[in-house]
Amino acid sequence: MRRKLIAGNWKMNGLKADSLALAQAVFEKSANQTNKSFDVLICPPMNVLGMVAALPHNDVLIGSQDVAETVKPNGAFTGDVSAAMVKDLGASCAIVGHSERRQYHHETDAVVCQKAENAIAAGLIAVICVGETLAEREAGQALDVVQHQIAESVPANATAQNTVIAYEPVWAIGTGKVPTTDDVAQIHASIRTKLAEKLGADVAENMRILYGGSVKPENAKELLSVANVDGALIGGASLKADSFWAIAEAVM
Ligand code: 13P
């Protein structure tokens with residue numbers, strides 16, 4: 001039985017005061033919800049990651065939005081933050097390969113795979129993002145693109161404990177557009193099939209596959225009830241504790 005994961009990706013949003021207030025509000029909502037049937041993750045930007053992780057957060061997981069590509073835990077890599085440093089700040093997860101990193105920083109599948117390996121080696125859970133562009137979907141290539149990203153971005157030592165997959169169609173991110181539930185079901189099933197080929201049936205069966213892209217309180221229940229959807233990766237709606245938690249409550 002895969003436990004659902006409700007994850008917030010704050011992206012490049014939040015100065016100290018707002019971020020700490022948002023984190024605190026999420027921690028309170030989580031603390032007030034006894035016997036949760038789902039896990040909660042928030043991924044603040046690097047400027048506040050350490051401060052957020054230093055707050056008492058009981059069972060809420062904290063993650064970074066990226067880690068450095070180099071395998072080295074430290075060294076002359078100006079501007080980079082290693083997975084070991086993220087772990088040292090108190091985080092337990094790291095998003096890697098988000099489409100905004102792939103697009104704006106030209107990260108290839110090989111880079112994403114290396115980052116996922118670095119996260120895992122540092123003891124973090126890697127949240128590996130995949131997803132097709134609008135042009136790829138319109139050309140009928142969505143399945144092929146996503147399967148290829150899974151084949152190339154997921155490290156060989158990925159397990160259901162150290163890795164989570166997030167399917168985020170690029171055209172659905174921040175646009176208010178969402179795929180049909182049939183399309184989501186098809187892609188998620190194909191991801192699981194590809195994971196089974198790569199990592200074995202047992203790992204594939206237990207690995208969580210999140211959906212991301214314009215998840216809102218209004219569509220959360222429908223998306224979270226699709227077969228093989230094991231949670232959500234939420235951008236815009238995670239910036240308000242109320243809307244983030246309303247999505248979490250759709251799990252129940
Ligand atoms: P939105 O929820 O704002 O569409 O963002 C999704 C996303 O990119 C999460 O990583």
# chains A, B, ... in the order shown; residues from 1 in each chain; ligands from 1
$ residues_near_ligand --ligand "ligand 1" --cutoff "9 Å" --atoms "only C-alpha atoms and all ligand atoms" --output "MDAnalysis selection string"
chainID A and resid 7:11 65 95 98:100 129 166 168:178 211:216 232:238
$ select_by_dssp --residues "stretch 16-164 of chain A" --states "helix (DSSP H, G or I)" --output "PyMOL selection string"
chain A and resi 16-32+46-54+83-88+99-104+109-121+134-138+142-153
$ residues_around --residues "stretch 184-189 of chain A" --least-positions-apart "5" --cutoff "9 Å" --atoms "only C-alpha atoms" --output "list of chain:residue names"
A:Ala142, A:Leu143, A:Val146, A:Gln147, A:Tyr167, A:Pro179, A:Lys194, A:Ile209, A:Leu210, A:Tyr211, A:Leu223, A:Val226, A:Ala227, A:Asn228, A:Val229
$ select_by_dssp --residues "stretch 40-170 of chain A" --states "strand (DSSP E)" --output "ChimeraX atom specification"
/A:40-43,61-64,93-96,125-130,163-167
$ write_last_selection --atoms "all heavy atoms" --output "short mmCIF file (atom, residue, chain, number, x, y, z; two decimals), in the first residue's frame"
data_model
loop_
_atom_site.label_atom_id
_atom_site.label_comp_id
_atom_site.auth_asym_id
_atom_site.auth_seq_id
_atom_site.Cartn_x
_atom_site.Cartn_y
_atom_site.Cartn_z
N VAL A 40 3.45 14.61 4.31
CA VAL A 40 3.47 16.00 3.87
C VAL A 40 4.92 16.45 3.70
O VAL A 40 5.76 16.17 4.56
CB VAL A 40 2.77 16.92 4.90
CG1 VAL A 40 2.80 18.37 4.45
CG2 VAL A 40 1.34 16.46 5.13
N LEU A 41 5.19 17.12 2.60
CA LEU A 41 6.53 17.63 2.31
C LEU A 41 6.43 19.08 1.87
O LEU A 41 5.55 19.41 1.05
CB LEU A 41 7.15 16.77 1.17
CG LEU A 41 8.38 17.32 0.44
CD1 LEU A 41 9.59 17.41 1.37
CD2 LEU A 41 8.71 16.43 -0.77
N ILE A 42 7.29 19.93 2.40
CA ILE A 42 7.39 21.29 1.85
C ILE A 42 8.82 21.53 1.40
O ILE A 42 9.77 21.11 2.05
CB ILE A 42 6.92 22.39 2.85
CG1 ILE A 42 7.69 22.33 4.16
CG2 ILE A 42 5.42 22.30 3.08
CD1 ILE A 42 7.40 23.53 5.08
N CYS A 43 8.94 22.21 0.24
CA CYS A 43 10.26 22.49 -0.34
C CYS A 43 10.44 23.99 -0.50
O CYS A 43 10.11 24.56 -1.55
CB CYS A 43 10.40 21.78 -1.68
SG CYS A 43 10.24 19.99 -1.54
N LEU A 61 7.88 16.63 6.31
CA LEU A 61 9.18 16.49 5.68
C LEU A 61 9.58 17.83 5.06
O LEU A 61 8.73 18.57 4.56
CB LEU A 61 9.13 15.41 4.60
CG LEU A 61 8.67 14.03 5.05
CD1 LEU A 61 8.37 13.14 3.84
CD2 LEU A 61 9.71 13.39 5.95
N ILE A 62 10.89 18.10 5.07
CA ILE A 62 11.40 19.33 4.47
C ILE A 62 12.35 18.93 3.34
O ILE A 62 13.17 18.02 3.50
CB ILE A 62 12.22 20.15 5.50
CG1 ILE A 62 11.51 20.26 6.86
CG2 ILE A 62 12.59 21.52 4.93
CD1 ILE A 62 10.37 21.21 6.92
N GLY A 63 12.23 19.64 2.21
CA GLY A 63 13.10 19.30 1.09
C GLY A 63 13.64 20.54 0.41
O GLY A 63 13.08 21.63 0.52
N SER A 64 14.72 20.34 -0.33
CA SER A 64 15.26 21.40 -1.19
C SER A 64 14.63 21.25 -2.58
O SER A 64 13.96 20.26 -2.87
CB SER A 64 16.78 21.30 -1.29
OG SER A 64 17.14 20.10 -1.96
N CYS A 93 14.61 15.49 1.94
CA CYS A 93 14.23 15.24 0.54
C CYS A 93 14.88 16.30 -0.35
O CYS A 93 15.27 17.36 0.13
CB CYS A 93 12.72 15.36 0.35
SG CYS A 93 11.74 14.25 1.36
N ALA A 94 14.92 16.01 -1.64
CA ALA A 94 15.36 17.01 -2.61
C ALA A 94 14.64 16.76 -3.93
O ALA A 94 14.62 15.63 -4.42
CB ALA A 94 16.86 16.93 -2.84
N ILE A 95 14.01 17.81 -4.46
CA ILE A 95 13.47 17.73 -5.81
C ILE A 95 14.65 17.80 -6.77
O ILE A 95 15.57 18.60 -6.57
CB ILE A 95 12.51 18.92 -6.09
CG1 ILE A 95 11.31 18.88 -5.14
CG2 ILE A 95 12.06 18.93 -7.55
CD1 ILE A 95 10.43 20.14 -5.23
N VAL A 96 14.65 16.97 -7.80
CA VAL A 96 15.65 17.10 -8.88
C VAL A 96 14.95 16.99 -10.23
O VAL A 96 13.93 16.31 -10.36
CB VAL A 96 16.78 16.03 -8.77
CG1 VAL A 96 17.63 16.25 -7.52
CG2 VAL A 96 16.23 14.62 -8.80
N ILE A 125 15.72 11.69 0.18
CA ILE A 125 14.78 11.09 -0.78
C ILE A 125 14.79 11.99 -2.01
O ILE A 125 14.56 13.20 -1.91
CB ILE A 125 13.37 11.02 -0.19
CG1 ILE A 125 13.34 10.10 1.03
CG2 ILE A 125 12.35 10.57 -1.24
CD1 ILE A 125 12.04 10.15 1.82
N ALA A 126 15.09 11.41 -3.18
CA ALA A 126 15.09 12.18 -4.43
C ALA A 126 13.68 12.19 -5.02
O ALA A 126 13.08 11.14 -5.19
CB ALA A 126 16.06 11.55 -5.41
N VAL A 127 13.16 13.39 -5.28
CA VAL A 127 11.87 13.53 -5.96
C VAL A 127 12.21 13.90 -7.41
O VAL A 127 12.55 15.05 -7.70
CB VAL A 127 10.98 14.60 -5.30
CG1 VAL A 127 9.65 14.71 -6.02
CG2 VAL A 127 10.78 14.29 -3.81
N ILE A 128 12.16 12.92 -8.30
CA ILE A 128 12.64 13.10 -9.68
C ILE A 128 11.45 13.48 -10.57
O ILE A 128 10.47 12.75 -10.67
CB ILE A 128 13.28 11.80 -10.20
CG1 ILE A 128 14.42 11.35 -9.27
CG2 ILE A 128 13.78 11.99 -11.63
CD1 ILE A 128 15.00 9.99 -9.62
N CYS A 129 11.57 14.66 -11.22
CA CYS A 129 10.46 15.16 -12.04
C CYS A 129 10.64 14.80 -13.51
O CYS A 129 11.76 14.87 -14.04
CB CYS A 129 10.36 16.67 -11.92
SG CYS A 129 10.13 17.24 -10.22
N VAL A 130 9.55 14.45 -14.13
CA VAL A 130 9.50 14.17 -15.56
C VAL A 130 8.23 14.81 -16.12
O VAL A 130 7.33 15.16 -15.37
CB VAL A 130 9.49 12.65 -15.86
CG1 VAL A 130 10.77 11.98 -15.39
CG2 VAL A 130 8.27 11.97 -15.23
N THR A 163 13.39 7.14 -3.40
CA THR A 163 13.02 7.86 -4.63
C THR A 163 11.50 8.00 -4.75
O THR A 163 10.76 7.06 -4.44
CB THR A 163 13.57 7.13 -5.87
OG1 THR A 163 15.00 7.05 -5.77
CG2 THR A 163 13.21 7.84 -7.16
N VAL A 164 11.09 9.16 -5.22
CA VAL A 164 9.69 9.43 -5.58
C VAL A 164 9.73 10.01 -6.99
O VAL A 164 10.63 10.78 -7.32
CB VAL A 164 9.07 10.47 -4.60
CG1 VAL A 164 7.71 10.94 -5.06
CG2 VAL A 164 9.00 9.91 -3.17
N ILE A 165 8.78 9.64 -7.81
CA ILE A 165 8.68 10.22 -9.16
C ILE A 165 7.56 11.26 -9.15
O ILE A 165 6.53 11.06 -8.50
CB ILE A 165 8.34 9.12 -10.21
CG1 ILE A 165 9.33 7.96 -10.15
CG2 ILE A 165 8.25 9.73 -11.62
CD1 ILE A 165 10.76 8.31 -10.49
N ALA A 166 7.77 12.37 -9.86
CA ALA A 166 6.69 13.34 -10.03
C ALA A 166 6.47 13.55 -11.53
O ALA A 166 7.39 13.99 -12.23
CB ALA A 166 7.04 14.66 -9.36
N TYR A 167 5.28 13.21 -11.99
CA TYR A 167 4.91 13.49 -13.38
C TYR A 167 4.28 14.87 -13.45
O TYR A 167 3.21 15.10 -12.88
CB TYR A 167 3.93 12.44 -13.91
CG TYR A 167 3.31 12.85 -15.23
CD1 TYR A 167 4.11 13.14 -16.33
CD2 TYR A 167 1.92 12.97 -15.38
CE1 TYR A 167 3.55 13.56 -17.53
CE2 TYR A 167 1.35 13.38 -16.58
CZ TYR A 167 2.18 13.68 -17.65
OH TYR A 167 1.64 14.10 -18.84
#
$ residues_around --residues "stretch 240-246 of chain A" --least-positions-apart "6" --cutoff "9 Å" --atoms "only C-alpha atoms" --output "number ranges by chain"
A: 6-8, 22-23, 25-26, 29-30, 216-218, 220, 234
$ write_last_selection --atoms "C-alpha atoms" --output "tab-separated table (two decimals), in the first residue's frame"
chain	number	residue	atom	x	y	z
A	6	ILE	CA	1.36	15.81	-0.57
A	7	ALA	CA	4.32	17.97	-1.54
A	8	GLY	CA	4.61	21.75	-1.86
A	22	LEU	CA	3.76	29.81	5.90
A	23	ALA	CA	5.87	26.94	7.23
A	25	ALA	CA	0.95	27.43	9.45
A	26	VAL	CA	1.56	24.15	7.60
A	29	LYS	CA	-2.29	22.16	10.37
A	30	SER	CA	-0.31	18.95	10.25
A	216	LYS	CA	-5.86	23.05	-6.74
A	217	PRO	CA	-8.34	22.31	-3.95
A	218	GLU	CA	-11.08	22.15	-6.63
A	220	ALA	CA	-7.43	17.58	-6.03
A	234	ILE	CA	1.95	21.52	-5.83
$ atom_distance --atom1 "atom CA of A:Val52" --atom2 "atom CA of A:Asp18"
11.0 Å
$ atom_distance --atom1 "atom CA of A:Gln114" --atom2 "atom CA of A:Asp202"
23.4 Å
$ residues_around --residues "A:Met1" --least-positions-apart "2" --cutoff "12 Å" --atoms "only C-alpha atoms" --output "list in words"
Arg3, Lys4, Ser37, Phe38, Ala160, Asp202, Glu205, Asn206, Met207, Arg208, Asn228 and Asp230 of chain A
$ write_last_selection --atoms "N, CA, C and O atoms" --output "PDB file, in the first residue's frame"
ATOM      1  N   ARG A   3       1.643   4.986   0.557  1.00  0.00           N
ATOM      2  CA  ARG A   3       1.104   6.098   1.332  1.00  0.00           C
ATOM      3  C   ARG A   3       1.201   7.367   0.489  1.00  0.00           C
ATOM      4  O   ARG A   3       2.264   7.675  -0.061  1.00  0.00           O
ATOM      5  N   LYS A   4       0.125   8.104   0.398  1.00  0.00           N
ATOM      6  CA  LYS A   4       0.149   9.282  -0.475  1.00  0.00           C
ATOM      7  C   LYS A   4       1.068  10.365   0.102  1.00  0.00           C
ATOM      8  O   LYS A   4       1.245  10.469   1.313  1.00  0.00           O
ATOM      9  N   SER A  37      -3.298   9.881   7.011  1.00  0.00           N
ATOM     10  CA  SER A  37      -3.075   8.719   6.140  1.00  0.00           C
ATOM     11  C   SER A  37      -2.135   9.090   5.000  1.00  0.00           C
ATOM     12  O   SER A  37      -2.018   8.368   4.025  1.00  0.00           O
ATOM     13  N   PHE A  38      -1.487  10.256   5.104  1.00  0.00           N
ATOM     14  CA  PHE A  38      -0.617  10.714   4.021  1.00  0.00           C
ATOM     15  C   PHE A  38       0.602  11.410   4.626  1.00  0.00           C
ATOM     16  O   PHE A  38       0.583  11.820   5.791  1.00  0.00           O
ATOM     17  N   ALA A 160      12.024   2.255  -3.579  1.00  0.00           N
ATOM     18  CA  ALA A 160      10.773   2.916  -3.193  1.00  0.00           C
ATOM     19  C   ALA A 160      10.970   3.779  -1.950  1.00  0.00           C
ATOM     20  O   ALA A 160      10.176   4.682  -1.691  1.00  0.00           O
ATOM     21  N   ASP A 202       8.976  -5.288  -7.836  1.00  0.00           N
ATOM     22  CA  ASP A 202       8.703  -4.977  -6.436  1.00  0.00           C
ATOM     23  C   ASP A 202       8.962  -3.492  -6.138  1.00  0.00           C
ATOM     24  O   ASP A 202       8.131  -2.810  -5.524  1.00  0.00           O
ATOM     25  N   GLU A 205       6.318  -1.353  -7.862  1.00  0.00           N
ATOM     26  CA  GLU A 205       5.001  -1.433  -7.232  1.00  0.00           C
ATOM     27  C   GLU A 205       4.904  -0.512  -6.017  1.00  0.00           C
ATOM     28  O   GLU A 205       3.851   0.034  -5.702  1.00  0.00           O
ATOM     29  N   ASN A 206       6.037  -0.320  -5.331  1.00  0.00           N
ATOM     30  CA  ASN A 206       6.009   0.453  -4.082  1.00  0.00           C
ATOM     31  C   ASN A 206       6.456   1.902  -4.226  1.00  0.00           C
ATOM     32  O   ASN A 206       6.354   2.680  -3.283  1.00  0.00           O
ATOM     33  N   MET A 207       6.983   2.257  -5.403  1.00  0.00           N
ATOM     34  CA  MET A 207       7.476   3.623  -5.577  1.00  0.00           C
ATOM     35  C   MET A 207       6.315   4.587  -5.809  1.00  0.00           C
ATOM     36  O   MET A 207       5.415   4.316  -6.597  1.00  0.00           O
ATOM     37  N   ARG A 208       6.373   5.728  -5.135  1.00  0.00           N
ATOM     38  CA  ARG A 208       5.283   6.693  -5.292  1.00  0.00           C
ATOM     39  C   ARG A 208       5.465   7.539  -6.548  1.00  0.00           C
ATOM     40  O   ARG A 208       6.575   7.980  -6.847  1.00  0.00           O
ATOM     41  N   ASN A 228      -2.772   4.830  -9.712  1.00  0.00           N
ATOM     42  CA  ASN A 228      -1.330   5.083  -9.764  1.00  0.00           C
ATOM     43  C   ASN A 228      -0.929   6.526  -9.464  1.00  0.00           C
ATOM     44  O   ASN A 228       0.227   6.892  -9.672  1.00  0.00           O
ATOM     45  N   ASP A 230      -0.079   8.758  -6.572  1.00  0.00           N
ATOM     46  CA  ASP A 230       0.234   8.517  -5.161  1.00  0.00           C
ATOM     47  C   ASP A 230       0.492   9.810  -4.403  1.00  0.00           C
ATOM     48  O   ASP A 230       1.197   9.820  -3.384  1.00  0.00           O
TER      49      ASP A 230
END
$ residues_around --residues "A:Ala151" --least-positions-apart "6" --cutoff "9 Å" --atoms "only C-alpha atoms" --output "VMD selection string"
chain A and resid 109 194 to 195 198
$ atom_distance --atom1 "atom CA of A:Ser225" --atom2 "atom CA of A:Ser190"
17.1 Å
$ residues_around --residues "A:Gly123" --least-positions-apart "2" --cutoff "8 Å" --atoms "only C-alpha atoms" --output "mmCIF file with N, CA, C and O atoms, in the first residue's frame"
data_model
loop_
_atom_site.group_PDB
_atom_site.id
_atom_site.type_symbol
_atom_site.label_atom_id
_atom_site.label_comp_id
_atom_site.auth_asym_id
_atom_site.auth_seq_id
_atom_site.Cartn_x
_atom_site.Cartn_y
_atom_site.Cartn_z
ATOM 1 N N LYS A 87 21.212 18.120 3.398
ATOM 2 C CA LYS A 87 20.940 17.182 4.495
ATOM 3 C C LYS A 87 21.349 17.801 5.833
ATOM 4 O O LYS A 87 20.627 17.711 6.831
ATOM 5 N N SER A 92 15.193 16.311 4.427
ATOM 6 C CA SER A 92 15.246 14.863 4.198
ATOM 7 C C SER A 92 14.912 14.497 2.755
ATOM 8 O O SER A 92 14.902 13.324 2.407
ATOM 9 N N ALA A 119 21.688 13.007 -4.227
ATOM 10 C CA ALA A 119 20.695 13.147 -3.150
ATOM 11 C C ALA A 119 20.605 11.839 -2.358
ATOM 12 O O ALA A 119 20.665 11.836 -1.120
ATOM 13 N N ILE A 120 20.499 10.740 -3.083
ATOM 14 C CA ILE A 120 20.364 9.424 -2.431
ATOM 15 C C ILE A 120 21.615 9.110 -1.609
ATOM 16 O O ILE A 120 21.523 8.650 -0.463
ATOM 17 N N ALA A 121 22.776 9.400 -2.190
ATOM 18 C CA ALA A 121 24.036 9.112 -1.479
ATOM 19 C C ALA A 121 24.142 9.908 -0.186
ATOM 20 O O ALA A 121 24.755 9.461 0.785
ATOM 21 N N ILE A 125 15.724 11.688 0.183
ATOM 22 C CA ILE A 125 14.785 11.094 -0.775
ATOM 23 C C ILE A 125 14.794 11.991 -2.013
ATOM 24 O O ILE A 125 14.558 13.201 -1.906
ATOM 25 N N ASN A 162 13.996 5.502 -1.296
ATOM 26 C CA ASN A 162 14.869 6.666 -1.522
ATOM 27 C C ASN A 162 14.456 7.519 -2.720
ATOM 28 O O ASN A 162 15.113 8.522 -3.002
#
